[in-house]
Amino acid sequence: MTEVLKHVSIDYYIYLSTILFCIGVMGVLIRRNAIIVLMCVELMLNSVNLLFAAFSAYRGDANGQLFVFFIMVVAAAEVAVGLAILVMMYRNTKSVDVSLLDKLKH
Amino acid sequence: MSEILTYILGGISIATALLVVFSKNPVHSVLYLILTFFSIAGQYILLNAQFLFIVQVIVYSGAIMVLFLFVLMLLNLNKDTEPQKENMFKLMGVVAGGLLLVSIVGMLKGIGHINLPENPDSQIGMVKNLGLVLFSDYVVPFELSSILFLSGMVGAVLIGKKESTDIN
């Protein structure tokens with residue numbers, strides 16, 4: 001199992017999680033479906049988790065992996081509240097289109 | 001062997017993440033995101049982070065994505081009724097994401113060599129070791145997260161319930 005640490009450099013994980021994070025940002029920017037936007041936020045959180053876990057494994061330090069655990073805790077709570085807000089929004093506007101939510105602009 | 005597996009998993013996660021963003025049907029997006037999470041779980045097990053592997057599979061691929069799928073089916077959004085943004089805005093989104101990627105990569109190029117220990121302890125990702133750290137150094141955050149869960153639960157029920165009983 002530790003072969004990975006010997007043969008794969010940490011740079012690989014840094015670039016992989018950077019790419020995943022940017023794909024998540026792109027998804028938040030180009031999609032209008034609020035559920036997909038929330039999913040892209042999850043993707044961004046996961047890319048950061050991967051980088052935390054990689055650095056933790058390469059340094060032999062358990063704190064990084066515990067941080068990942070706490071990020072997962074916060075993400076789970078966030079998804080529960082976010083999806084409740086989405087259901088509420090669908091009940092009021094009959095749509096999950098984020099561009100309908102521009103009341104603060106006017 | 002395992003480094004090839006690492007690269008394959010990385011390729012799968014990038015490809016499925018792109019499919020999440022660009023597929024028209026929301027249900028397909030959710031299913032691709034589950035695949036992305038499973039490939040990230042595979043990376044965890046190659047990094048010997050077994051606790052994170054289990055938590056990723058149970059919490060993310062299990063609980064969170066099922067919740068997403070459930071809401072999608074509940075709201076009956078499993079067809080591509082979503083109005084698309086104009087192509088101009090899509091292009092702007094892709095360009096903005098690409099510029100972010102380019103600027104982060106450029107920043108990372110300037111770091112140079114990262115000092116890492118020669119022989120890191122490979123057993124830190126085990127459940128026993130992480131549990132010892134969690135219940136010695138991180139007891140207070142652990143308890144606080146239970147309060148966060150409780151408030152999240154109360155908030156979700158409060159926001160999600162029907163407003164049939166009016167206040168007035």
# chains A, B, ... in the order shown; residues from 1 in each chain; ligands from 1
call {"tool": "closest_atom_pairs", "arguments": {"of": "region 30-95 of chain A", "to": "region 10-24 of chain B", "cutoff": "10 Å", "atoms": "only C-alpha atoms", "output": "JSON lines"}}
result
{"residue": "A:Ile30", "atom": "CA", "partner": "B:Val21", "partner_atom": "CA", "distance": 8.2}
{"residue": "A:Arg31", "atom": "CA", "partner": "B:Val21", "partner_atom": "CA", "distance": 7.5}
{"residue": "A:Ile36", "atom": "CA", "partner": "B:Val21", "partner_atom": "CA", "distance": 7.7}
{"residue": "A:Val37", "atom": "CA", "partner": "B:Val21", "partner_atom": "CA", "distance": 9.0}
{"residue": "A:Met39", "atom": "CA", "partner": "B:Val20", "partner_atom": "CA", "distance": 8.6}
{"residue": "A:Cys40", "atom": "CA", "partner": "B:Val21", "partner_atom": "CA", "distance": 7.6}
{"residue": "A:Leu43", "atom": "CA", "partner": "B:Ala17", "partner_atom": "CA", "distance": 7.8}
call {"tool": "residues_around", "arguments": {"residues": "Tyr12 (chain A)", "least_positions_apart": "2", "cutoff": "12 Å", "atoms": "only C-alpha atoms", "output": "list in words"}}
result
Val4, Leu5, His7, Val8, Ser9, Ile10, Ile14, Tyr15, Leu16, Ser17, Thr18, Ile19, Leu50, Leu51, Ala54 and Phe55 of chain A; Glu3, Thr6, Tyr7, Leu9, Gly10, Gly11, Gln43, Val105 and Leu108 of chain B
call {"tool": "write_last_selection", "arguments": {"atoms": "N, CA and C atoms", "output": "PDB file, in the first residue's frame"}}
result
ATOM      1  N   VAL A   4       2.443   3.477  -3.326  1.00  0.00           N
ATOM      2  CA  VAL A   4       1.942   4.693  -3.957  1.00  0.00           C
ATOM      3  C   VAL A   4       2.748   5.887  -3.486  1.00  0.00           C
ATOM      4  N   LEU A   5       3.031   5.934  -2.186  1.00  0.00           N
ATOM      5  CA  LEU A   5       3.763   7.075  -1.645  1.00  0.00           C
ATOM      6  C   LEU A   5       5.168   7.140  -2.226  1.00  0.00           C
ATOM      7  N   HIS A   7       6.141   5.870  -5.304  1.00  0.00           N
ATOM      8  CA  HIS A   7       6.224   6.022  -6.762  1.00  0.00           C
ATOM      9  C   HIS A   7       5.465   7.214  -7.309  1.00  0.00           C
ATOM     10  N   VAL A   8       4.421   7.659  -6.589  1.00  0.00           N
ATOM     11  CA  VAL A   8       3.637   8.786  -7.088  1.00  0.00           C
ATOM     12  C   VAL A   8       4.038  10.017  -6.294  1.00  0.00           C
ATOM     13  N   SER A   9       4.348  11.104  -7.006  1.00  0.00           N
ATOM     14  CA  SER A   9       4.762  12.298  -6.289  1.00  0.00           C
ATOM     15  C   SER A   9       3.532  13.046  -5.787  1.00  0.00           C
ATOM     16  N   ILE A  10       3.727  13.879  -4.773  1.00  0.00           N
ATOM     17  CA  ILE A  10       2.627  14.650  -4.196  1.00  0.00           C
ATOM     18  C   ILE A  10       2.053  15.621  -5.221  1.00  0.00           C
ATOM     19  N   ILE A  14      -1.786  17.185  -6.005  1.00  0.00           N
ATOM     20  CA  ILE A  14      -2.062  18.624  -6.014  1.00  0.00           C
ATOM     21  C   ILE A  14      -2.765  19.009  -7.315  1.00  0.00           C
ATOM     22  N   TYR A  15      -2.221  18.528  -8.459  1.00  0.00           N
ATOM     23  CA  TYR A  15      -2.833  18.924  -9.726  1.00  0.00           C
ATOM     24  C   TYR A  15      -4.191  18.277  -9.919  1.00  0.00           C
ATOM     25  N   LEU A  16      -4.331  17.015  -9.490  1.00  0.00           N
ATOM     26  CA  LEU A  16      -5.628  16.339  -9.636  1.00  0.00           C
ATOM     27  C   LEU A  16      -6.710  17.094  -8.869  1.00  0.00           C
ATOM     28  N   SER A  17      -6.391  17.481  -7.627  1.00  0.00           N
ATOM     29  CA  SER A  17      -7.447  18.144  -6.859  1.00  0.00           C
ATOM     30  C   SER A  17      -7.671  19.568  -7.359  1.00  0.00           C
ATOM     31  N   THR A  18      -6.639  20.209  -7.907  1.00  0.00           N
ATOM     32  CA  THR A  18      -6.860  21.525  -8.526  1.00  0.00           C
ATOM     33  C   THR A  18      -7.825  21.416  -9.698  1.00  0.00           C
ATOM     34  N   ILE A  19      -7.601  20.398 -10.538  1.00  0.00           N
ATOM     35  CA  ILE A  19      -8.474  20.233 -11.707  1.00  0.00           C
ATOM     36  C   ILE A  19      -9.908  19.955 -11.258  1.00  0.00           C
ATOM     37  N   LEU A  50      -9.474  15.346  -0.784  1.00  0.00           N
ATOM     38  CA  LEU A  50      -8.450  14.475  -1.365  1.00  0.00           C
ATOM     39  C   LEU A  50      -7.060  15.048  -1.117  1.00  0.00           C
ATOM     40  N   LEU A  51      -6.933  16.369  -1.247  1.00  0.00           N
ATOM     41  CA  LEU A  51      -5.619  16.986  -1.039  1.00  0.00           C
ATOM     42  C   LEU A  51      -5.203  16.885   0.425  1.00  0.00           C
ATOM     43  N   ALA A  54      -4.085  13.362   1.029  1.00  0.00           N
ATOM     44  CA  ALA A  54      -2.796  13.071   0.401  1.00  0.00           C
ATOM     45  C   ALA A  54      -1.654  13.654   1.223  1.00  0.00           C
ATOM     46  N   PHE A  55      -1.794  14.932   1.621  1.00  0.00           N
ATOM     47  CA  PHE A  55      -0.713  15.544   2.405  1.00  0.00           C
ATOM     48  C   PHE A  55      -0.550  14.842   3.744  1.00  0.00           C
TER      49      PHE A  55
ATOM     50  N   GLU B   3       0.574   2.395  -8.710  1.00  0.00           N
ATOM     51  CA  GLU B   3       0.627   3.762  -9.246  1.00  0.00           C
ATOM     52  C   GLU B   3      -0.172   3.876 -10.534  1.00  0.00           C
ATOM     53  N   THR B   6      -3.596   4.329  -9.481  1.00  0.00           N
ATOM     54  CA  THR B   6      -3.814   5.711  -9.044  1.00  0.00           C
ATOM     55  C   THR B   6      -4.106   6.628 -10.220  1.00  0.00           C
ATOM     56  N   TYR B   7      -3.288   6.469 -11.297  1.00  0.00           N
ATOM     57  CA  TYR B   7      -3.512   7.338 -12.464  1.00  0.00           C
ATOM     58  C   TYR B   7      -4.855   7.039 -13.115  1.00  0.00           C
ATOM     59  N   LEU B   9      -7.550   5.888 -11.654  1.00  0.00           N
ATOM     60  CA  LEU B   9      -8.611   6.461 -10.813  1.00  0.00           C
ATOM     61  C   LEU B   9      -8.692   7.969 -10.974  1.00  0.00           C
ATOM     62  N   GLY B  10      -7.540   8.623 -11.097  1.00  0.00           N
ATOM     63  CA  GLY B  10      -7.541  10.065 -11.322  1.00  0.00           C
ATOM     64  C   GLY B  10      -8.221  10.420 -12.628  1.00  0.00           C
ATOM     65  N   GLY B  11      -7.912   9.642 -13.694  1.00  0.00           N
ATOM     66  CA  GLY B  11      -8.558   9.882 -14.981  1.00  0.00           C
ATOM     67  C   GLY B  11     -10.054   9.698 -14.895  1.00  0.00           C
ATOM     68  N   GLN B  43      -8.828   6.347  -4.308  1.00  0.00           N
ATOM     69  CA  GLN B  43      -7.567   7.049  -4.001  1.00  0.00           C
ATOM     70  C   GLN B  43      -7.255   6.965  -2.523  1.00  0.00           C
ATOM     71  N   VAL B 105      -2.399  26.784 -11.161  1.00  0.00           N
ATOM     72  CA  VAL B 105      -1.253  25.989 -11.608  1.00  0.00           C
ATOM     73  C   VAL B 105      -0.002  26.856 -11.686  1.00  0.00           C
ATOM     74  N   LEU B 108       1.306  27.285  -8.309  1.00  0.00           N
ATOM     75  CA  LEU B 108       1.948  26.068  -7.791  1.00  0.00           C
ATOM     76  C   LEU B 108       3.326  25.856  -8.412  1.00  0.00           C
TER      77      LEU B 108
END
call {"tool": "residues_around", "arguments": {"residues": "region 44-54 of chain B", "least_positions_apart": "6", "cutoff": "10 Å", "atoms": "only C-alpha atoms", "output": "PyMOL selection string"}}
result
(chain A and resi 1-5+49-50+53-58+62+65-66+68-69+72) or (chain B and resi 2-3+5-6+38+60+122-131)
call {"tool": "atom_distance", "arguments": {"atom1": "CA of Phe52 (chain A)", "atom2": "CA of Phe67 (chain A)"}}
result
7.6 Å
call {"tool": "atom_distance", "arguments": {"atom1": "CA of Ala156 (chain B)", "atom2": "CA of Ser95 (chain A)"}}
result
19.3 Å
call {"tool": "select_by_dssp", "arguments": {"residues": "chain B", "states": "helix (DSSP H, G or I)", "output": "VMD selection string"}}
result
chain B and resid 2 to 22 26 to 46 50 to 74 87 to 109 127 to 134 139 to 160
call {"tool": "atom_distance", "arguments": {"atom1": "CA of Pro120 (chain B)", "atom2": "CA of Gly60 (chain A)"}}
result
4.5 Å
call {"tool": "residues_around", "arguments": {"residues": "Leu67 (chain B)", "least_positions_apart": "5", "cutoff": "10 Å", "atoms": "only C-alpha atoms", "output": "NGL selection string"}}
result
(:A and (79-80 or 83)) or (:B and (60-62 or 72-73))
call {"tool": "residues_around", "arguments": {"residues": "Phe70 (chain A)", "least_positions_apart": "4", "cutoff": "12 Å", "atoms": "only C-alpha atoms", "output": "list in words"}}
result
Leu45, Asn49, Phe52, Asn63, Gly64, Gln65, Leu66, Val74, Ala75, Ala76 and Ala77 of chain A; Leu52, Val55, Leu134, Tyr138, Val139, Val140, Pro141, Phe142, Glu143, Leu144, Ser145, Ser146, Leu148 and Phe149 of chain B
call {"tool": "residues_around", "arguments": {"residues": "Lys162 (chain B)", "least_positions_apart": "3", "cutoff": "12 Å", "atoms": "only C-alpha atoms", "output": "list in words"}}
result
Ala84, Val87, Met88, Met89, Arg91 and Asn92 of chain A; Ala156, Val157, Leu158, Ile159, Thr165 and Asp166 of chain B
call {"tool": "closest_residue", "arguments": {"among": "A:Lys105, A:Lys6, A:Arg59, A:Lys94", "to": "chain B", "atoms": "only C-alpha atoms"}}
result
A:Arg59
call {"tool": "closest_residue", "arguments": {"among": "B:Phe70, B:Glu163, B:Asp137, B:Gly152", "to": "chain A", "atoms": "only C-alpha atoms"}}
result
B:Gly152
call {"tool": "decode", "arguments": {"residues": "region 134-147 of chain B", "atoms": "all heavy atoms", "output": "mmCIF file, in the first residue's frame"}}
result
data_model
loop_
_atom_site.group_PDB
_atom_site.id
_atom_site.type_symbol
_atom_site.label_atom_id
_atom_site.label_comp_id
_atom_site.auth_asym_id
_atom_site.auth_seq_id
_atom_site.Cartn_x
_atom_site.Cartn_y
_atom_site.Cartn_z
ATOM 1 N N LEU B 134 -8.751 11.395 17.597
ATOM 2 C CA LEU B 134 -10.047 12.090 17.630
ATOM 3 C C LEU B 134 -10.538 12.258 19.062
ATOM 4 O O LEU B 134 -11.049 13.319 19.423
ATOM 5 C CB LEU B 134 -11.060 11.294 16.808
ATOM 6 C CG LEU B 134 -12.468 11.870 16.683
ATOM 7 C CD1 LEU B 134 -12.400 13.191 15.956
ATOM 8 C CD2 LEU B 134 -13.357 10.930 15.919
ATOM 9 N N PHE B 135 -10.359 11.230 19.880
ATOM 10 C CA PHE B 135 -10.905 11.319 21.231
ATOM 11 C C PHE B 135 -9.897 11.820 22.248
ATOM 12 O O PHE B 135 -10.181 11.814 23.446
ATOM 13 C CB PHE B 135 -11.483 9.973 21.661
ATOM 14 C CG PHE B 135 -12.749 9.654 20.943
ATOM 15 C CD1 PHE B 135 -12.786 8.703 19.954
ATOM 16 C CD2 PHE B 135 -13.911 10.359 21.227
ATOM 17 C CE1 PHE B 135 -13.946 8.436 19.275
ATOM 18 C CE2 PHE B 135 -15.069 10.101 20.545
ATOM 19 C CZ PHE B 135 -15.091 9.132 19.566
ATOM 20 N N SER B 136 -8.708 12.232 21.794
ATOM 21 C CA SER B 136 -7.799 12.886 22.739
ATOM 22 C C SER B 136 -7.642 14.363 22.397
ATOM 23 O O SER B 136 -7.952 15.228 23.209
ATOM 24 C CB SER B 136 -6.450 12.175 22.749
ATOM 25 O OG SER B 136 -5.909 12.180 21.456
ATOM 26 N N ASP B 137 -7.249 14.668 21.147
ATOM 27 C CA ASP B 137 -6.985 16.068 20.790
ATOM 28 C C ASP B 137 -8.232 16.783 20.295
ATOM 29 O O ASP B 137 -8.312 18.002 20.368
ATOM 30 C CB ASP B 137 -5.932 16.131 19.675
ATOM 31 C CG ASP B 137 -4.601 15.612 20.139
ATOM 32 O OD1 ASP B 137 -4.474 15.406 21.358
ATOM 33 O OD2 ASP B 137 -3.712 15.407 19.304
ATOM 34 N N TYR B 138 -9.181 16.032 19.721
ATOM 35 C CA TYR B 138 -10.300 16.682 19.034
ATOM 36 C C TYR B 138 -11.634 16.368 19.692
ATOM 37 O O TYR B 138 -12.639 16.253 19.006
ATOM 38 C CB TYR B 138 -10.330 16.235 17.570
ATOM 39 C CG TYR B 138 -9.208 16.809 16.742
ATOM 40 C CD1 TYR B 138 -8.007 16.128 16.590
ATOM 41 C CD2 TYR B 138 -9.342 18.047 16.135
ATOM 42 C CE1 TYR B 138 -6.979 16.657 15.847
ATOM 43 C CE2 TYR B 138 -8.317 18.583 15.384
ATOM 44 C CZ TYR B 138 -7.140 17.883 15.246
ATOM 45 O OH TYR B 138 -6.127 18.413 14.508
ATOM 46 N N VAL B 139 -11.650 16.252 21.021
ATOM 47 C CA VAL B 139 -12.913 15.910 21.688
ATOM 48 C C VAL B 139 -13.908 17.057 21.568
ATOM 49 O O VAL B 139 -15.088 16.845 21.256
ATOM 50 C CB VAL B 139 -12.665 15.568 23.163
ATOM 51 C CG1 VAL B 139 -13.967 15.274 23.850
ATOM 52 C CG2 VAL B 139 -11.761 14.386 23.272
ATOM 53 N N VAL B 140 -13.431 18.291 21.778
ATOM 54 C CA VAL B 140 -14.343 19.442 21.761
ATOM 55 C C VAL B 140 -14.958 19.661 20.374
ATOM 56 O O VAL B 140 -16.185 19.776 20.245
ATOM 57 C CB VAL B 140 -13.623 20.710 22.286
ATOM 58 C CG1 VAL B 140 -14.550 21.895 22.225
ATOM 59 C CG2 VAL B 140 -13.153 20.480 23.696
ATOM 60 N N PRO B 141 -14.150 19.672 19.290
ATOM 61 C CA PRO B 141 -14.784 19.768 17.960
ATOM 62 C C PRO B 141 -15.739 18.627 17.669
ATOM 63 O O PRO B 141 -16.771 18.827 17.024
ATOM 64 C CB PRO B 141 -13.596 19.737 16.996
ATOM 65 C CG PRO B 141 -12.460 20.182 17.779
ATOM 66 C CD PRO B 141 -12.689 19.736 19.174
ATOM 67 N N PHE B 142 -15.412 17.434 18.157
ATOM 68 C CA PHE B 142 -16.285 16.288 17.936
ATOM 69 C C PHE B 142 -17.647 16.508 18.581
ATOM 70 O O PHE B 142 -18.699 16.285 17.966
ATOM 71 C CB PHE B 142 -15.606 15.039 18.510
ATOM 72 C CG PHE B 142 -16.376 13.770 18.304
ATOM 73 C CD1 PHE B 142 -16.425 13.172 17.068
ATOM 74 C CD2 PHE B 142 -17.057 13.192 19.356
ATOM 75 C CE1 PHE B 142 -17.123 12.011 16.876
ATOM 76 C CE2 PHE B 142 -17.766 12.029 19.169
ATOM 77 C CZ PHE B 142 -17.796 11.439 17.929
ATOM 78 N N GLU B 143 -17.632 17.008 19.820
ATOM 79 C CA GLU B 143 -18.907 17.269 20.491
ATOM 80 C C GLU B 143 -19.654 18.416 19.826
ATOM 81 O O GLU B 143 -20.872 18.394 19.700
ATOM 82 C CB GLU B 143 -18.665 17.591 21.970
ATOM 83 C CG GLU B 143 -18.053 16.455 22.766
ATOM 84 C CD GLU B 143 -18.985 15.277 22.910
ATOM 85 O OE1 GLU B 143 -20.205 15.480 22.810
ATOM 86 O OE2 GLU B 143 -18.487 14.158 23.083
ATOM 87 N N LEU B 144 -18.879 19.435 19.389
ATOM 88 C CA LEU B 144 -19.519 20.568 18.704
ATOM 89 C C LEU B 144 -20.186 20.122 17.417
ATOM 90 O O LEU B 144 -21.238 20.641 17.039
ATOM 91 C CB LEU B 144 -18.484 21.648 18.401
ATOM 92 C CG LEU B 144 -18.081 22.534 19.566
ATOM 93 C CD1 LEU B 144 -17.030 23.515 19.107
ATOM 94 C CD2 LEU B 144 -19.287 23.274 20.094
ATOM 95 N N SER B 145 -19.581 19.130 16.731
ATOM 96 C CA SER B 145 -20.187 18.676 15.472
ATOM 97 C C SER B 145 -21.527 18.004 15.728
ATOM 98 O O SER B 145 -22.417 18.056 14.883
ATOM 99 C CB SER B 145 -19.240 17.745 14.733
ATOM 100 O OG SER B 145 -19.100 16.554 15.442
ATOM 101 N N SER B 146 -21.684 17.389 16.933
ATOM 102 C CA SER B 146 -22.999 16.813 17.230
ATOM 103 C C SER B 146 -24.041 17.910 17.381
ATOM 104 O O SER B 146 -25.190 17.753 16.960
ATOM 105 C CB SER B 146 -22.924 15.955 18.482
ATOM 106 O OG SER B 146 -22.728 16.758 19.605
ATOM 107 N N ILE B 147 -23.627 19.058 17.976
ATOM 108 C CA ILE B 147 -24.562 20.184 18.077
ATOM 109 C C ILE B 147 -24.897 20.716 16.689
ATOM 110 O O ILE B 147 -26.043 21.061 16.394
ATOM 111 C CB ILE B 147 -23.966 21.291 18.973
ATOM 112 C CG1 ILE B 147 -23.754 20.738 20.376
ATOM 113 C CG2 ILE B 147 -24.870 22.503 19.017
ATOM 114 C CD1 ILE B 147 -23.054 21.691 21.280
#
